[in-house]
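**Student:** Please find my_file05.pdb (PDB, C-alpha atoms, pLDDT in the B column) on the next line:
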ATOM      1  CA  MET E 989     -20.533  16.666 -15.504  1.00 78.00           C
ATOM      2  CA  ILE E 990     -20.060  14.563 -18.644  1.00 91.00           C
ATOM      3  CA  TYR E 991     -22.437  11.947 -17.224  1.00 92.00           C
ATOM      4  CA  ILE E 992     -25.172  14.526 -16.689  1.00 92.00           C
ATOM      5  CA  LEU E 993     -24.724  15.716 -20.270  1.00 96.00           C
ATOM      6  CA  LEU E 994     -24.886  12.125 -21.563  1.00 96.00           C
ATOM      7  CA  PHE E 995     -27.966  11.513 -19.399  1.00 95.00           C
ATOM      8  CA  ILE E 996     -29.728  14.502 -20.996  1.00 97.00           C
ATOM      9  CA  ILE E 997     -28.598  13.601 -24.535  1.00 97.00           C
ATOM     10  CA  PHE E 998     -29.834  10.016 -24.131  1.00 97.00           C
ATOM     11  CA  ILE E 999     -33.250  11.140 -22.863  1.00 98.00           C
ATOM     12  CA  VAL E1000     -33.619  13.688 -25.661  1.00 98.00           C
ATOM     13  CA  ALA E1001     -32.586  11.091 -28.279  1.00 98.00           C
ATOM     14  CA  ASP E1002     -35.075   8.590 -26.845  1.00 98.00           C
ATOM     15  CA  GLN E1003     -37.940  11.076 -26.770  1.00 98.00           C
ATOM     16  CA  LEU E1004     -37.120  12.435 -30.233  1.00 98.00           C
ATOM     17  CA  THR E1005     -37.068   8.970 -31.806  1.00 98.00           C
ATOM     18  CA  LYS E1006     -40.361   8.088 -30.095  1.00 98.00           C
ATOM     19  CA  PHE E1007     -41.889  11.333 -31.361  1.00 97.00           C
ATOM     20  CA  LEU E1008     -40.724  10.539 -34.900  1.00 96.00           C
ATOM     21  CA  ALA E1009     -42.052   6.996 -34.611  1.00 97.00           C
ATOM     22  CA  SER E1010     -45.417   8.341 -33.448  1.00 95.00           C
ATOM     23  CA  LYS E1011     -45.530  10.780 -36.341  1.00 94.00           C
ATOM     24  CA  PHE E1012     -44.314   8.626 -39.237  1.00 94.00           C
ATOM     25  CA  LEU E1013     -44.650   4.961 -38.308  1.00 94.00           C
ATOM     26  CA  ILE E1014     -48.242   5.063 -37.114  1.00 89.00           C
ATOM     27  CA  VAL E1015     -49.299   4.963 -40.772  1.00 87.00           C
ATOM     28  CA  ARG E1016     -46.976   2.199 -42.010  1.00 91.00           C
ATOM     29  CA  ASP E1017     -43.892   0.183 -41.114  1.00 90.00           C
ATOM     30  CA  ILE E1018     -40.528   0.953 -42.695  1.00 91.00           C
ATOM     31  CA  SER E1019     -38.552  -2.175 -43.595  1.00 91.00           C
ATOM     32  CA  ILE E1020     -34.780  -1.767 -43.731  1.00 92.00           C
ATOM     33  CA  THR E1021     -33.909  -5.433 -44.353  1.00 90.00           C
ATOM     34  CA  SER E1022     -35.781  -8.723 -44.177  1.00 87.00           C
ATOM     35  CA  TRP E1023     -34.856  -8.951 -40.498  1.00 91.00           C
ATOM     36  CA  PHE E1024     -34.945  -5.281 -39.381  1.00 93.00           C
ATOM     37  CA  LYS E1025     -37.780  -2.766 -39.569  1.00 95.00           C
ATOM     38  CA  PHE E1026     -39.316   0.183 -37.779  1.00 96.00           C
ATOM     39  CA  SER E1027     -42.838  -0.541 -36.587  1.00 95.00           C
ATOM     40  CA  TYR E1028     -44.989   1.583 -34.256  1.00 96.00           C
ATOM     41  CA  VAL E1029     -46.244  -0.206 -31.126  1.00 94.00           C
ATOM     42  CA  GLU E1030     -47.939   1.178 -28.013  1.00 94.00           C
ATOM     43  CA  ASN E1031     -46.629  -0.976 -25.156  1.00 91.00           C
ATOM     44  CA  ARG E1032     -48.969  -0.783 -22.174  1.00 87.00           C
ATOM     45  CA  GLY E1033     -46.974  -3.391 -20.271  1.00 77.00           C
ATOM     46  CA  ALA E1034     -43.430  -4.029 -19.101  1.00 74.00           C
ATOM     47  CA  ALA E1035     -40.574  -5.646 -20.985  1.00 68.00           C
ATOM     48  CA  PHE E1036     -41.810  -7.984 -23.721  1.00 62.00           C
ATOM     49  CA  GLY E1037     -45.369  -6.758 -23.128  1.00 64.00           C
ATOM     50  CA  MET E1038     -45.777  -8.462 -19.748  1.00 68.00           C
ATOM     51  CA  MET E1039     -48.296  -7.147 -17.212  1.00 74.00           C
ATOM     52  CA  GLN E1040     -50.437  -5.150 -19.632  1.00 72.00           C
ATOM     53  CA  ASP E1041     -52.313  -2.062 -18.419  1.00 70.00           C
ATOM     54  CA  LYS E1042     -50.489  -1.699 -15.082  1.00 74.00           C
ATOM     55  CA  GLN E1043     -49.183   1.820 -15.798  1.00 79.00           C
ATOM     56  CA  SER E1044     -49.725   3.171 -12.283  1.00 84.00           C
ATOM     57  CA  PHE E1045     -47.725   0.262 -10.875  1.00 87.00           C
ATOM     58  CA  PHE E1046     -44.865   0.843 -13.334  1.00 86.00           C
ATOM     59  CA  ILE E1047     -44.809   4.585 -12.656  1.00 90.00           C
ATOM     60  CA  VAL E1048     -44.630   4.078  -8.878  1.00 92.00           C
ATOM     61  CA  ILE E1049     -41.992   1.321  -9.056  1.00 91.00           C
ATOM     62  CA  THR E1050     -39.832   3.244 -11.539  1.00 91.00           C
ATOM     63  CA  ALA E1051     -40.063   6.426  -9.477  1.00 93.00           C
ATOM     64  CA  LEU E1052     -39.092   4.541  -6.309  1.00 94.00           C
ATOM     65  CA  VAL E1053     -36.133   2.877  -8.036  1.00 91.00           C
ATOM     66  CA  LEU E1054     -34.969   6.243  -9.402  1.00 92.00           C
ATOM     67  CA  VAL E1055     -35.220   7.861  -5.948  1.00 93.00           C
ATOM     68  CA  VAL E1056     -33.329   5.041  -4.221  1.00 92.00           C
ATOM     69  CA  ILE E1057     -30.585   4.989  -6.876  1.00 90.00           C
ATOM     70  CA  GLY E1058     -30.459   8.793  -6.823  1.00 88.00           C
ATOM     71  CA  PHE E1059     -29.867   8.882  -3.070  1.00 87.00           C
ATOM     72  CA  TYR E1060     -27.252   6.137  -3.384  1.00 88.00           C
ATOM     73  CA  ILE E1061     -25.452   8.149  -6.079  1.00 88.00           C
ATOM     74  CA  LEU E1062     -25.541  11.308  -3.967  1.00 87.00           C
ATOM     75  CA  LYS E1063     -24.048   9.463  -1.013  1.00 88.00           C
ATOM     76  CA  HIS E1064     -21.519   7.210  -2.795  1.00 85.00           C
ATOM     77  CA  GLY E1065     -21.132   8.601  -6.322  1.00 81.00           C
ATOM     78  CA  SER E1066     -17.567   9.773  -5.782  1.00 86.00           C
ATOM     79  CA  GLU E1067     -16.557   6.164  -5.062  1.00 87.00           C
ATOM     80  CA  PHE E1068     -17.902   4.783  -8.371  1.00 90.00           C
ATOM     81  CA  SER E1069     -15.625   3.467 -11.085  1.00 90.00           C
ATOM     82  CA  THR E1070     -15.914   4.891 -14.598  1.00 91.00           C
ATOM     83  CA  LEU E1071     -17.685   1.715 -15.738  1.00 92.00           C
ATOM     84  CA  GLU E1072     -20.245   2.095 -12.940  1.00 92.00           C
ATOM     85  CA  LYS E1073     -20.859   5.737 -13.844  1.00 93.00           C
ATOM     86  CA  ILE E1074     -21.366   4.881 -17.507  1.00 95.00           C
ATOM     87  CA  GLY E1075     -23.616   1.929 -16.643  1.00 94.00           C
ATOM     88  CA  LEU E1076     -25.747   4.022 -14.314  1.00 94.00           C
ATOM     89  CA  THR E1077     -25.973   6.819 -16.885  1.00 95.00           C
ATOM     90  CA  PHE E1078     -27.292   4.407 -19.523  1.00 96.00           C
ATOM     91  CA  PHE E1079     -29.622   2.629 -17.117  1.00 95.00           C
ATOM     92  CA  LEU E1080     -31.106   5.749 -15.516  1.00 95.00           C
ATOM     93  CA  SER E1081     -31.591   7.657 -18.774  1.00 96.00           C
ATOM     94  CA  GLY E1082     -33.462   4.677 -20.227  1.00 96.00           C
ATOM     95  CA  ALA E1083     -35.639   4.362 -17.132  1.00 95.00           C
ATOM     96  CA  VAL E1084     -36.462   8.074 -17.226  1.00 96.00           C
ATOM     97  CA  GLY E1085     -37.191   7.937 -20.973  1.00 97.00           C
ATOM     98  CA  ASN E1086     -39.779   5.198 -20.529  1.00 95.00           C
ATOM     99  CA  LEU E1087     -41.154   6.845 -17.379  1.00 95.00           C
ATOM    100  CA  ILE E1088     -41.815  10.026 -19.355  1.00 96.00           C
ATOM    101  CA  ASP E1089     -43.849   7.996 -21.872  1.00 96.00           C
ATOM    102  CA  ARG E1090     -45.838   6.253 -19.171  1.00 93.00           C
ATOM    103  CA  ILE E1091     -46.704   9.541 -17.453  1.00 94.00           C
ATOM    104  CA  LEU E1092     -47.510  11.524 -20.618  1.00 95.00           C
ATOM    105  CA  ASN E1093     -49.105   8.823 -22.792  1.00 93.00           C
ATOM    106  CA  GLY E1094     -50.154   5.978 -20.526  1.00 92.00           C
ATOM    107  CA  TYR E1095     -47.964   3.665 -22.639  1.00 93.00           C
ATOM    108  CA  VAL E1096     -44.417   3.365 -23.929  1.00 94.00           C
ATOM    109  CA  VAL E1097     -43.746   3.885 -27.641  1.00 96.00           C
ATOM    110  CA  ASP E1098     -41.725   1.006 -29.117  1.00 95.00           C
ATOM    111  CA  PHE E1099     -40.589   0.981 -32.728  1.00 96.00           C
ATOM    112  CA  ILE E1100     -37.481  -1.159 -33.354  1.00 95.00           C
ATOM    113  CA  SER E1101     -38.445  -4.577 -34.699  1.00 95.00           C
ATOM    114  CA  VAL E1102     -35.935  -7.367 -35.262  1.00 94.00           C
ATOM    115  CA  ARG E1103     -36.521 -10.846 -36.680  1.00 91.00           C
ATOM    116  CA  LEU E1104     -33.927 -13.316 -35.371  1.00 87.00           C
ATOM    117  CA  PHE E1105     -32.759 -16.307 -37.405  1.00 84.00           C
ATOM    118  CA  ASN E1106     -35.479 -15.610 -39.974  1.00 78.00           C
ATOM    119  CA  SER E1107     -38.093 -17.157 -37.703  1.00 81.00           C
ATOM    120  CA  TYR E1108     -38.364 -15.402 -34.320  1.00 84.00           C
ATOM    121  CA  ASP E1109     -39.854 -11.924 -34.026  1.00 87.00           C
ATOM    122  CA  PHE E1110     -38.036 -10.355 -31.077  1.00 87.00           C
ATOM    123  CA  PRO E1111     -40.359  -8.083 -29.041  1.00 89.00           C
ATOM    124  CA  VAL E1112     -40.446  -4.532 -30.431  1.00 92.00           C
ATOM    125  CA  PHE E1113     -38.338  -2.152 -28.349  1.00 94.00           C
ATOM    126  CA  ASN E1114     -37.040   1.436 -28.242  1.00 96.00           C
ATOM    127  CA  ILE E1115     -33.882   3.425 -27.473  1.00 97.00           C
ATOM    128  CA  ALA E1116     -34.693   3.597 -23.740  1.00 96.00           C
ATOM    129  CA  ASP E1117     -35.010  -0.186 -23.568  1.00 95.00           C
ATOM    130  CA  SER E1118     -31.601  -0.497 -25.232  1.00 96.00           C
ATOM    131  CA  LEU E1119     -30.088   1.981 -22.775  1.00 97.00           C
ATOM    132  CA  ILE E1120     -31.494   0.029 -19.823  1.00 95.00           C
ATOM    133  CA  CYS E1121     -30.110  -3.263 -21.163  1.00 95.00           C
ATOM    134  CA  VAL E1122     -26.661  -1.840 -21.957  1.00 97.00           C
ATOM    135  CA  GLY E1123     -26.537  -0.085 -18.580  1.00 97.00           C
ATOM    136  CA  ALA E1124     -27.516  -3.248 -16.705  1.00 96.00           C
ATOM    137  CA  PHE E1125     -24.923  -5.228 -18.680  1.00 96.00           C
ATOM    138  CA  LEU E1126     -22.179  -2.719 -17.823  1.00 96.00           C
ATOM    139  CA  LEU E1127     -23.154  -2.767 -14.139  1.00 93.00           C
ATOM    140  CA  ILE E1128     -23.045  -6.573 -14.125  1.00 94.00           C
ATOM    141  CA  ILE E1129     -19.600  -6.507 -15.769  1.00 94.00           C
ATOM    142  CA  SER E1130     -18.466  -3.984 -13.155  1.00 90.00           C
ATOM    143  CA  PHE E1131     -19.782  -6.213 -10.380  1.00 88.00           C
ATOM    144  CA  ILE E1132     -18.087  -9.312 -11.828  1.00 89.00           C
ATOM    145  CA  LYS E1133     -14.794  -7.448 -12.206  1.00 84.00           C
ATOM    146  CA  GLY E1134     -15.048  -6.395  -8.570  1.00 81.00           C
ATOM    147  CA  ASP E1135     -15.197  -2.692  -9.422  1.00 60.00           C
ATOM    148  CA  PHE E1136     -18.596  -2.182  -7.870  1.00 58.00           C
ATOM    149  CA  SER E1137     -18.386   0.293  -5.024  1.00 53.00           C
ATOM    150  CA  GLU E1138     -18.918  -1.132  -1.597  1.00 54.00           C
ATOM    151  CA  VAL E1139     -21.322   0.707   0.644  1.00 47.00           C
ATOM    152  CA  LYS E1140     -19.299   2.396   3.375  1.00 43.00           C
ATOM    153  CA  ASN E1141     -21.091   3.332   6.569  1.00 42.00           C
TER     154      ASN E1141
END
Write the structure described by the file as structure tokens, please.
**Tutor:**
Amino acid sequence: MIYILLFIIFIVADQLTKFLASKFLIVRDISITSWFKFSYVENRGAAFGMMQDKQSFFIVITALVLVVIGFYILKHGSEFSTLEKIGLTFFLSGAVGNLIDRILNGYVVDFISVRLFNSYDFPVFNIADSLICVGAFLLIISFIKGDFSEVKN
């Protein structure tokens, strides 16, 4: 039950921050430091802006991935380790957050801008992107540790 609550909280936080970015950052950027700012971007592509204007493709692929993972969770969820459950919660809530944007807007709202080593502008991202990355990282750690549930027939 805690994972469902976290899933909902993460999606709400993602959508709320994107709403605020759309409302306040569309006019001007907000610099926090020389290397960190909030900057409104409409991302019509995938990660790092790849494959621009392929929204239908991204919607279908994301929906398929969510359905497959959902069925896998229903069948094997009781066998998952805590790390797997947390990783999947992060990953799925991020995927759903960006899917909502793609369906409602036709693009994903990004707004977190980081400049690395005072010379490289990292691609602008959002909370959902962070959730996906953290979730994937936790699932990889779980797999490396050998915690990852084996499919039992």
**Student:** Using all atoms listed in the file, determine which residues lie at most 12 Å from Ile1115 in chain E, disregarding the query and same-chain residues fewer than 4 positions distant; provide the list as an MDAnalysis selection string.
**Tutor:** chainID E and resid 997:1007 1009 1078:1079 1081:1086 1096:1101 1119:1122
**Student:** Can you work out which one of E:Ala1034, E:Val1102, E:Leu1054, E:Leu1080 has the shortest atom-to-atom distance to Ile996 in chain E, counting only C-alpha atoms?
**Tutor:**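 Result for the nearest residue to Ile996 in chain E: E:Leu1080.
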**Student:** To verify the selection step, state as a ChimeraX atom specification which residues the PyMOL selection byres ((chain E and resi 1024) around 8) yields on this input.
**Tutor:** /E:1019-1023,1025-1026,1100-1103
**Student:** Would you compute the distance between CA of Ile1132 in chain E and CA of Leu1071 in chain E? Give it in Å to one decimal.
**Tutor:**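 Going from CA of Ile1132 in chain E over to CA of Leu1071 in chain E covers 11.7 Å.
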**Student:** How far is it from CA of Leu1062 in chain E to CA of Asn1114 in chain E, in Å with one decimal?
**Tutor:**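 Pair CA of Leu1062 in chain E / CA of Asn1114 in chain E returns 28.6 Å.
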**Student:** So what do you get for CA of Tyr1028 in chain E versus CA of Leu1013 in chain E, distance-wise?
**Tutor:**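 Taking CA of Tyr1028 in chain E and CA of Leu1013 in chain E, their separation equals 5.3 Å.
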**Student:** Selected by the PyMOL selection byres ((chain E and resi 1094) around 12) in the shown coordinates: which residues, as a list in words?
**Tutor:**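 So the PyMOL selection byres ((chain E and resi 1094) around 12), applied here, picks out Glu1030, Asn1031, Arg1032, Gly1033, Gln1040, Asp1041, Lys1042, Gln1043, Ser1044, Phe1045, Phe1046, Ile1047, Asn1086, Leu1087, Ile1088, Asp1089, Arg1090, Ile1091, Leu1092, Asn1093, Tyr1095, Val1096 and Val1097 of chain E.
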**Student:** Could you pull the residues within 9 Å of Lys1073 in chain E, counting all atoms listed in the file, minus those fewer than 6 positions along the same chain, as a list of chain:residue names?
**Tutor:**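 My list of contacting residues is E:Tyr991, E:Gly1065, E:Leu1127.
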**Student:** Hey, can you pull every residue with an atom no more than 9 Å from (-17.3, 12.4, -14.8), using only C-alpha atoms, and send it as a PyMOL selection string?
**Tutor:** chain E and resi 989-992+1070+1073-1074
